[in-house]
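**Q** Here's a structure for you.
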Amino acid sequence: MIYPRIRDLREDRDWTQEFVAEQLGIKQTTYSKYELGKINIPAEMLRKLAKLYSVTIDYLMERAEEK
């Protein structure tokens, strides 16, 4: 599954993939694969991403329009 909103949210904040990966405790290459949809994002990582970006998991997964 592709998660375009995680890239959009990161770019809106002018954050690098390296910065986000560091905040999540993962490698930059892993985060890049999340953005590209090459690997699925585990539920726990979705929770961390939602917290980092101050949005809901539903928003990240494009199931809701409200953050």
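Letters A, B, ... go to the chains of the structure tokens in the order shown; residues in each chain start at 1; ligands are counted from 1 in the same order.
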Do a neighbour search on A:Lys48 at 9 Å with only C-alpha atoms, toss out local chain neighbours closer than 5 positions, and write the hits as a ChimeraX atom specification.
**A** /A:24,43,53
**Q** May I have the selected residues written with all heavy atoms, as a JSON list (two decimals), in the first residue's frame?
**A**
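Result file selection03.json:
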```json
[["chain", "number", "residue", "atom", "x", "y", "z"],
["A", 24, "LEU", "N", 11.76, 7.94, 14.55],
["A", 24, "LEU", "CA", 11.03, 6.67, 14.66],
["A", 24, "LEU", "C", 11.92, 5.52, 15.12],
["A", 24, "LEU", "O", 11.42, 4.44, 15.44],
["A", 24, "LEU", "CB", 10.40, 6.32, 13.31],
["A", 24, "LEU", "CG", 9.40, 7.32, 12.75],
["A", 24, "LEU", "CD1", 8.99, 6.92, 11.34],
["A", 24, "LEU", "CD2", 8.18, 7.44, 13.65],
["A", 43, "ALA", "N", 1.66, -1.79, 12.19],
["A", 43, "ALA", "CA", 0.68, -1.03, 12.98],
["A", 43, "ALA", "C", 1.35, -0.14, 14.02],
["A", 43, "ALA", "O", 0.96, 1.03, 14.18],
["A", 43, "ALA", "CB", -0.30, -1.99, 13.66],
["A", 53, "TYR", "N", 3.33, 13.25, 13.50],
["A", 53, "TYR", "CA", 2.72, 14.25, 12.63],
["A", 53, "TYR", "C", 1.45, 14.87, 13.22],
["A", 53, "TYR", "O", 0.82, 15.71, 12.59],
["A", 53, "TYR", "CB", 2.40, 13.64, 11.27],
["A", 53, "TYR", "CG", 3.63, 13.32, 10.44],
["A", 53, "TYR", "CD1", 3.83, 12.05, 9.92],
["A", 53, "TYR", "CD2", 4.58, 14.29, 10.17],
["A", 53, "TYR", "CE1", 4.95, 11.75, 9.14],
["A", 53, "TYR", "CE2", 5.71, 14.00, 9.40],
["A", 53, "TYR", "CZ", 5.87, 12.73, 8.89],
["A", 53, "TYR", "OH", 6.97, 12.46, 8.13]]
```
**Q** Among stretch 27-63 of chain A, which residues carry a DSSP assignment of alpha helix (DSSP H), reported as a ChimeraX atom specification?
**A** /A:28-36,43-53,57-60
**Q** Write a file of the selected residues as a compact mmCIF listing (two decimals), in the first residue's frame, keeping N, CA and C atoms.
**A**
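part08.txt was written with the following content:
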```txt
# COMPACT_ATOMS: atom_id res chain seq x y z
N GLN A 28 16.87 5.10 7.49
CA GLN A 28 16.31 5.96 6.45
C GLN A 28 15.80 5.13 5.28
N THR A 29 16.52 4.07 4.94
CA THR A 29 16.10 3.23 3.81
C THR A 29 14.74 2.58 4.07
N THR A 30 14.50 2.20 5.32
CA THR A 30 13.21 1.61 5.68
C THR A 30 12.11 2.64 5.53
N TYR A 31 12.36 3.85 6.03
CA TYR A 31 11.35 4.91 5.91
C TYR A 31 11.07 5.21 4.44
N SER A 32 12.11 5.26 3.63
CA SER A 32 11.94 5.50 2.19
C SER A 32 11.03 4.44 1.57
N LYS A 33 11.22 3.21 1.96
CA LYS A 33 10.38 2.12 1.44
C LYS A 33 8.93 2.27 1.87
N TYR A 34 8.71 2.83 3.06
CA TYR A 34 7.34 3.13 3.50
C TYR A 34 6.70 4.14 2.55
N GLU A 35 7.41 5.22 2.30
CA GLU A 35 6.87 6.27 1.43
C GLU A 35 6.59 5.76 0.02
N LEU A 36 7.45 4.90 -0.47
CA LEU A 36 7.30 4.38 -1.83
C LEU A 36 6.32 3.22 -1.92
N ALA A 43 1.66 -1.79 12.19
CA ALA A 43 0.68 -1.03 12.98
C ALA A 43 1.35 -0.14 14.02
N GLU A 44 2.35 -0.63 14.70
CA GLU A 44 3.04 0.17 15.72
C GLU A 44 3.73 1.38 15.10
N MET A 45 4.27 1.21 13.91
CA MET A 45 4.93 2.32 13.23
C MET A 45 3.90 3.34 12.75
N LEU A 46 2.73 2.88 12.32
CA LEU A 46 1.66 3.81 11.95
C LEU A 46 1.27 4.66 13.15
N ARG A 47 1.22 4.05 14.32
CA ARG A 47 0.90 4.78 15.54
C ARG A 47 1.95 5.85 15.81
N LYS A 48 3.23 5.49 15.66
CA LYS A 48 4.31 6.44 15.89
C LYS A 48 4.28 7.58 14.87
N LEU A 49 4.00 7.25 13.62
CA LEU A 49 3.91 8.28 12.58
C LEU A 49 2.76 9.25 12.87
N ALA A 50 1.63 8.70 13.25
CA ALA A 50 0.47 9.55 13.56
C ALA A 50 0.80 10.50 14.71
N LYS A 51 1.48 9.99 15.70
CA LYS A 51 1.86 10.83 16.84
C LYS A 51 2.87 11.89 16.41
N LEU A 52 3.87 11.50 15.64
CA LEU A 52 4.89 12.43 15.17
C LEU A 52 4.28 13.57 14.37
N TYR A 53 3.33 13.25 13.50
CA TYR A 53 2.72 14.25 12.63
C TYR A 53 1.45 14.87 13.22
N ILE A 57 -4.39 7.91 12.48
CA ILE A 57 -3.98 6.82 11.60
C ILE A 57 -4.88 6.78 10.38
N ASP A 58 -6.18 7.02 10.58
CA ASP A 58 -7.10 7.06 9.45
C ASP A 58 -6.70 8.11 8.43
N TYR A 59 -6.22 9.24 8.88
CA TYR A 59 -5.76 10.28 7.96
C TYR A 59 -4.54 9.78 7.18
N LEU A 60 -3.60 9.16 7.86
CA LEU A 60 -2.41 8.63 7.17
C LEU A 60 -2.79 7.63 6.10
```
**Q** For a quick check of understanding, using only C-alpha atoms, which of A:Asp8, A:Val55, A:Tyr3, A:Ile26 has the smallest distance to A:Asn40?
**A**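 Result for the nearest residue to A:Asn40: A:Tyr3.
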**Q** How far is it from atom CA of A:Lys38 to atom CA of A:Ile2, in Å with one decimal?
**A**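 A separation of 7.8 Å between them.
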**Q** Distance atom CA of A:Phe19-atom CA of A:Thr56, one decimal place?
**A**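 Calculated distance between atom CA of A:Phe19 and atom CA of A:Thr56 is 20.5 Å.
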**Q** So how far away is atom CA of A:Asp12 from atom CA of A:Lys27, in Å?
**A** 21.0 Å
